[in-house]
Amino acid sequence: MLLSVVVPVHRVQGYLRAALESVIDQSVRDWELIAVDAGPPDGGLAIAQEFAERDPRVRVLHPGGPRKPGGPGDVSGPGDVGAARNAGAAAARGAYLLFLDGDGLLLPGALAEIVARVAADRPDVLSLGHDCVDWWGEVRQGDALPAARKQLFRRTFWAAHGLHFTEGPYDDVVPVHRAALLASDAGTLATLDRICVRHRLRRTGTFATTPGRAHFAVIGVYGQLVTETGGDPRILAARTAHLRAVLDDPGRIAPADRADFFRSAGFSGRYTAHRAREAVLARRTRARAALRAGRKSLRARVMRAAYRCDLRRPLDPGLAVYGAYWNRGVACNPAAIYAKARELVPHIRGVWVVSSRHRDRMPPGVPYVIEGSRAYWRTMATATYFVNNSSFPGGFTKRPGQIYLQTHHGTPLKTMGLDQRPYPALTNGVSFERIVAHTDQWDFSLSANPHTTEVWDRVYPSSYEQLPLGYPRNDILFTATRERTEEIRAGLGIAPGRTVLLYAPTHRDYRKGFVPRIDLERLARALGPEYVVLVRAHYFYGRSAGLGAGQRVIDVTGHPRVEELFLAADGLITDYSSLMFDYACLDRPIITYVPDWAAYRAARGTYVDLLSGRPGDTPGAVATTEDELRETLLTGAWRSADAAVLRAAFRRRFCPYDDGHAAERVVRRIFPAGSD
């Protein structure tokens with residue numbers, strides 16, 4: 001075997017899938033991939049295990065024995081990446097070792113280039129071309145600092161010289177430098193200029209971008225290296241360059257610690273030169289801030305003056321603000337949390353934010369404020385809790401002590417957040433800077449399943465806590481009685497004994513207005529009088545699908561709760577709507593009707609291949625034309641045994657947390673219990 005790729009798994013759940021796929025997708029197949037648990041556990045281990053189950057070349061190692069994931073806070077603890085790499089190297093069987101980071105990528109064609117260079121030069125150490133990409137997608141040249149991800153090592157060479165990663169931070173400094181020194185002296189050091197490895201910078205940061213005195217460890221690591229190499233001048237020069245780079249990096253050494261680091265590193269000269277440079281940079285930063293402030297219009301400053309005054313008021317520990325679907329009223333996960341909070345923590349008063357054009361949606365007796373009003377800004381300034389499935393209007397200053405729960409409003413099938421950048425039809429006018437600024441406000445992000453957790457972690461890169469607690473809006477799907485379901489159907493005008501199909505297509509970013517890709521009246525006639533078709537257009541299109549009144553095709557776009565429509569329906573017909581993931585909780589048939597699959601994927605991109613037929617990807621019967629859809633319904637294929645098998649796998653993947661108690665779990669996690 002040519003190559004063993006060792007990947008430590010530690011806090012990379014949003015990035016690991018792409019890292020592993022970058023190896024699997026290489027044209028060269030002579031490799032093994034060893035994913036090593038570097039702890040504490042998060043969703044990354046499940047991702048690695050998924051790859052291992054479908055590809056025998058992938059292994060998952062647990063050096064300290066299998067770990068059980070704990071709560072969301074567990075993933076923030078320190079991991080032992082060096083020990084994980086050592087364990088992977090010890091278990092490797094390939095002729096060469098490549099230590100790929102869990103947030104790194106092996107670029108297309110890289111292994112073919114590596115194979116050619118290895119065959120030609122037979123090096124002990126091969127230095128690889130590398131670069132990095134930030135969360136905006138900007139690719140730039142990689143740095144010159146030592147890192148294991150930039151090197152390929154002959155395994156016998158690695159073992160013969162007792163090379164190993166050290167404990168703690170900067171674990172790869174010693175083995176990388178020693179290997180290069182040994183190979184250089186033996187004439188077995190080679191360089192491949194082609195960019196092979198890409199490092200993905202994370203906005204949420206890593207140890208390398210978190211200032212603190214832990215970075216002083218690099219001084220001791222180089223002390224060990226100097227001792228092991230007998231003070232080799234090449235190592236002394238590398239030490240000086242690396243330590244100065246750490247000192248000058250604001251992501252590593254905080255300003256208050258720089259003088260101490262300067263002295264501890266034993267640099268010659270005085271620290272005043274560094275202080276002067278910092279002062280220049282600080283003046284430039286202040287100048288830019290003043291320029292931005294000067295651009296604010298007088299009108300905006302006047303409107304916010306009262307809000308700034310309110311920001312000086314004390315926070316109200318018993319006030320929570322709720323919002324849903326960009327101020328459309330009481331709905332979705334926030335609605336379920338609001339209702340449960342009134343039951344479990346009645347001392348927490350809930351106030352909803354609603355736009356003036358949707359105030360008629362507010363149920364009687366539910367407190368609310370109109371977005372942008374004086375009452376709105378005072379409420380936003382003084383509330384302690386914020387719960388929303390989208391965002392609050394106008395931008396607000398999140399104060400210390402305020403707690404923001406982002407519930408989201410669906411499982412991501414289509415690309416979200418920063419993953420939307422490659423799709424120009426979608427991103428025209430979208431400010432990704434505002435997106436990440438919004439995520440910086442979140443304290444908690446609600447997750448409906450491991451897939452969602454993985455995606456949110458990458459596309460909304462901020463330091464919030466993931467809550468894998470399920471979607472509160474789905475609780476009713478587990479708790480509703482038969483009587484309640486019959487009551488909902490009667491309220492919709494559905495006669496007893498009818499088979500009800502809910503047709504709920506999603507919004508198309510490349511089309512305007514609701515245009516169903518099916519002749520609904522024709523379908524209803526073909527199905528016969530025993531069927532009723534409910535039609536729900538996406539909320540972007542308003543409260544009506546523009547259909548005429550009828551007994552067998554009913555427009556339910558304006559119905560306030562889609563969960564009630566789920567209960568009324570015997571089957572769901574949808575395309576790319578996240579409603580399918582929620583409806584799957586009911587274990588009722590789902591028909592994927594996608595006449596524009598290729599166009600939609602090209603315009604928006606998807607995370608799940610609904611047409612693949614793979615268990616876990618496809619929720620049931622599939623139709624790509626109107627004739628296929630009609631045949632699927634008339635023949636009964638939509639509720640066949642094969643469709644049920646697919647639906648069961650889909651439910652296992654996307655509905656593992658929903659059980660009727662999600663709202664209670666969320667309320668008990670977010671809000672303090674009242675006093676007796």
# chains A, B, ... in the order shown; residues from 1 in each chain; ligands from 1
call {"tool": "closest_atom_pairs", "arguments": {"of": "stretch 616-658 of chain A", "to": "stretch 446-459 of chain A", "cutoff": "10 Å", "atoms": "only C-alpha atoms", "output": "JSON lines"}}
result
{"residue": "A:Arg652", "atom": "CA", "partner": "A:Asn449", "partner_atom": "CA", "distance": 9.5}
{"residue": "A:Arg653", "atom": "CA", "partner": "A:Asn449", "partner_atom": "CA", "distance": 7.3}
{"residue": "A:Phe654", "atom": "CA", "partner": "A:Asn449", "partner_atom": "CA", "distance": 5.4}
{"residue": "A:Cys655", "atom": "CA", "partner": "A:Asn449", "partner_atom": "CA", "distance": 6.3}
{"residue": "A:Pro656", "atom": "CA", "partner": "A:Asn449", "partner_atom": "CA", "distance": 6.2}
{"residue": "A:Tyr657", "atom": "CA", "partner": "A:Ala448", "partner_atom": "CA", "distance": 6.4}
{"residue": "A:Asp658", "atom": "CA", "partner": "A:Ala448", "partner_atom": "CA", "distance": 7.3}
call {"tool": "select_by_dssp", "arguments": {"residues": "stretch 107-326 of chain A", "states": "alpha helix (DSSP H)", "output": "PyMOL selection string"}}
result
chain A and resi 110-121+155-160+173-186+217-228+233-248+258-264+272-294+298-310
call {"tool": "closest_residue", "arguments": {"among": "A:Arg155, A:Arg284, A:His130, A:Arg29", "to": "A:Gly88", "atoms": "only C-alpha atoms"}}
result
A:Arg155
call {"tool": "residues_around", "arguments": {"residues": "A:Asp185", "least_positions_apart": "5", "cutoff": "12 Å", "atoms": "only C-alpha atoms", "output": "PDB file with N, CA and C atoms, in the first residue's frame"}}
result
ATOM      1  N   ASP A 124      12.535  10.424   1.521  1.00  0.00           N
ATOM      2  CA  ASP A 124      12.082  10.091   2.871  1.00  0.00           C
ATOM      3  C   ASP A 124      11.070  11.124   3.357  1.00  0.00           C
ATOM      4  N   VAL A 125      11.285  12.359   2.936  1.00  0.00           N
ATOM      5  CA  VAL A 125      10.347  13.442   3.265  1.00  0.00           C
ATOM      6  C   VAL A 125      10.062  14.221   1.992  1.00  0.00           C
ATOM      7  N   ARG A 178      12.719  17.893  12.754  1.00  0.00           N
ATOM      8  CA  ARG A 178      13.712  16.816  12.824  1.00  0.00           C
ATOM      9  C   ARG A 178      13.714  15.986  11.546  1.00  0.00           C
ATOM     10  N   ALA A 179      12.520  15.678  11.031  1.00  0.00           N
ATOM     11  CA  ALA A 179      12.439  14.892   9.798  1.00  0.00           C
ATOM     12  C   ALA A 179      13.096  15.632   8.639  1.00  0.00           C
ATOM     13  N   ALA A 180      12.818  16.923   8.521  1.00  0.00           N
ATOM     14  CA  ALA A 180      13.408  17.703   7.430  1.00  0.00           C
ATOM     15  C   ALA A 180      14.924  17.772   7.557  1.00  0.00           C
ATOM     16  N   ALA A 190      12.731  16.053  -0.636  1.00  0.00           N
ATOM     17  CA  ALA A 190      12.283  16.537  -1.945  1.00  0.00           C
ATOM     18  C   ALA A 190      11.126  17.505  -1.758  1.00  0.00           C
ATOM     19  N   ASP A 232      21.680  22.980  16.247  1.00  0.00           N
ATOM     20  CA  ASP A 232      21.932  23.150  14.815  1.00  0.00           C
ATOM     21  C   ASP A 232      21.524  24.567  14.385  1.00  0.00           C
ATOM     22  N   ARG A 234      20.488  25.768  11.678  1.00  0.00           N
ATOM     23  CA  ARG A 234      19.262  25.825  10.905  1.00  0.00           C
ATOM     24  C   ARG A 234      18.030  25.831  11.815  1.00  0.00           C
TER      25      ARG A 234
END
call {"tool": "atom_distance", "arguments": {"atom1": "atom CA of A:Val562", "atom2": "atom CA of A:Arg588"}}
result
15.4 Å
call {"tool": "residues_around", "arguments": {"residues": "A:Thr206", "least_positions_apart": "4", "cutoff": "10 Å", "atoms": "only C-alpha atoms", "output": "ChimeraX atom specification"}}
result
/A:11,201-202,210-211,251
call {"tool": "residues_around", "arguments": {"residues": "A:Thr499", "least_positions_apart": "5", "cutoff": "9 Å", "atoms": "only C-alpha atoms", "output": "list in words"}}
result
Glu530, Tyr531, Val532, Val533, Ala569, Asp570 and Gly571 of chain A
call {"tool": "write_last_selection", "arguments": {"atoms": "N, CA, C and O atoms", "output": "PDB file, in the first residue's frame"}}
result
ATOM      1  N   GLU A 530     -62.766  10.272  -3.851  1.00  0.00           N
ATOM      2  CA  GLU A 530     -62.324   9.869  -2.511  1.00  0.00           C
ATOM      3  C   GLU A 530     -61.043  10.581  -2.072  1.00  0.00           C
ATOM      4  O   GLU A 530     -60.587  10.423  -0.937  1.00  0.00           O
ATOM      5  N   TYR A 531     -60.430  11.366  -2.958  1.00  0.00           N
ATOM      6  CA  TYR A 531     -59.193  12.090  -2.649  1.00  0.00           C
ATOM      7  C   TYR A 531     -59.470  13.587  -2.504  1.00  0.00           C
ATOM      8  O   TYR A 531     -60.325  14.155  -3.194  1.00  0.00           O
ATOM      9  N   VAL A 532     -58.719  14.215  -1.622  1.00  0.00           N
ATOM     10  CA  VAL A 532     -58.695  15.672  -1.474  1.00  0.00           C
ATOM     11  C   VAL A 532     -57.237  16.118  -1.518  1.00  0.00           C
ATOM     12  O   VAL A 532     -56.376  15.506  -0.874  1.00  0.00           O
ATOM     13  N   VAL A 533     -56.944  17.174  -2.297  1.00  0.00           N
ATOM     14  CA  VAL A 533     -55.588  17.699  -2.407  1.00  0.00           C
ATOM     15  C   VAL A 533     -55.520  19.058  -1.711  1.00  0.00           C
ATOM     16  O   VAL A 533     -56.242  19.997  -2.092  1.00  0.00           O
ATOM     17  N   ALA A 569     -53.085  15.254   6.718  1.00  0.00           N
ATOM     18  CA  ALA A 569     -52.711  14.628   5.449  1.00  0.00           C
ATOM     19  C   ALA A 569     -52.324  13.164   5.620  1.00  0.00           C
ATOM     20  O   ALA A 569     -51.616  12.798   6.564  1.00  0.00           O
ATOM     21  N   ASP A 570     -52.756  12.353   4.667  1.00  0.00           N
ATOM     22  CA  ASP A 570     -52.360  10.945   4.623  1.00  0.00           C
ATOM     23  C   ASP A 570     -51.053  10.755   3.869  1.00  0.00           C
ATOM     24  O   ASP A 570     -50.426   9.692   3.968  1.00  0.00           O
ATOM     25  N   GLY A 571     -50.648  11.744   3.101  1.00  0.00           N
ATOM     26  CA  GLY A 571     -49.397  11.675   2.361  1.00  0.00           C
ATOM     27  C   GLY A 571     -48.952  13.073   1.965  1.00  0.00           C
ATOM     28  O   GLY A 571     -49.766  13.995   1.837  1.00  0.00           O
TER      29      GLY A 571
END
call {"tool": "residues_around", "arguments": {"residues": "A:Ser612", "least_positions_apart": "3", "cutoff": "12 Å", "atoms": "only C-alpha atoms", "output": "list in words"}}
result
Thr592, Trp597, Val608, Asp609, Pro615, Gly616, Asp617, Thr618, Pro619, Gly620, Ala621, Val622 and Leu646 of chain A
call {"tool": "atom_distance", "arguments": {"atom1": "atom CA of A:Pro400", "atom2": "atom CA of A:Val366"}}
result
27.6 Å
call {"tool": "residues_around", "arguments": {"residues": "A:Asp143", "least_positions_apart": "4", "cutoff": "12 Å", "atoms": "only C-alpha atoms", "output": "VMD selection string"}}
result
chain A and resid 129 to 133 147 150 198 to 199 241 to 242 245
call {"tool": "write_last_selection", "arguments": {"atoms": "C-alpha atoms", "output": "short mmCIF file (atom, residue, chain, number, x, y, z; two decimals), in the first residue's frame"}}
result
data_model
loop_
_atom_site.label_atom_id
_atom_site.label_comp_id
_atom_site.auth_asym_id
_atom_site.auth_seq_id
_atom_site.Cartn_x
_atom_site.Cartn_y
_atom_site.Cartn_z
CA GLY A 129 2.71 22.67 -2.00
CA HIS A 130 -0.07 24.11 0.10
CA ASP A 131 -2.43 27.05 0.45
CA CYS A 132 -5.34 28.10 2.63
CA VAL A 133 -8.87 29.37 2.13
CA ALA A 147 3.05 21.88 9.97
CA LYS A 150 2.43 20.01 4.50
CA ARG A 198 -5.52 23.20 1.37
CA HIS A 199 -6.11 24.41 4.91
CA ALA A 241 11.40 33.05 12.62
CA HIS A 242 8.61 30.98 14.17
CA ALA A 245 5.63 35.05 13.79
#
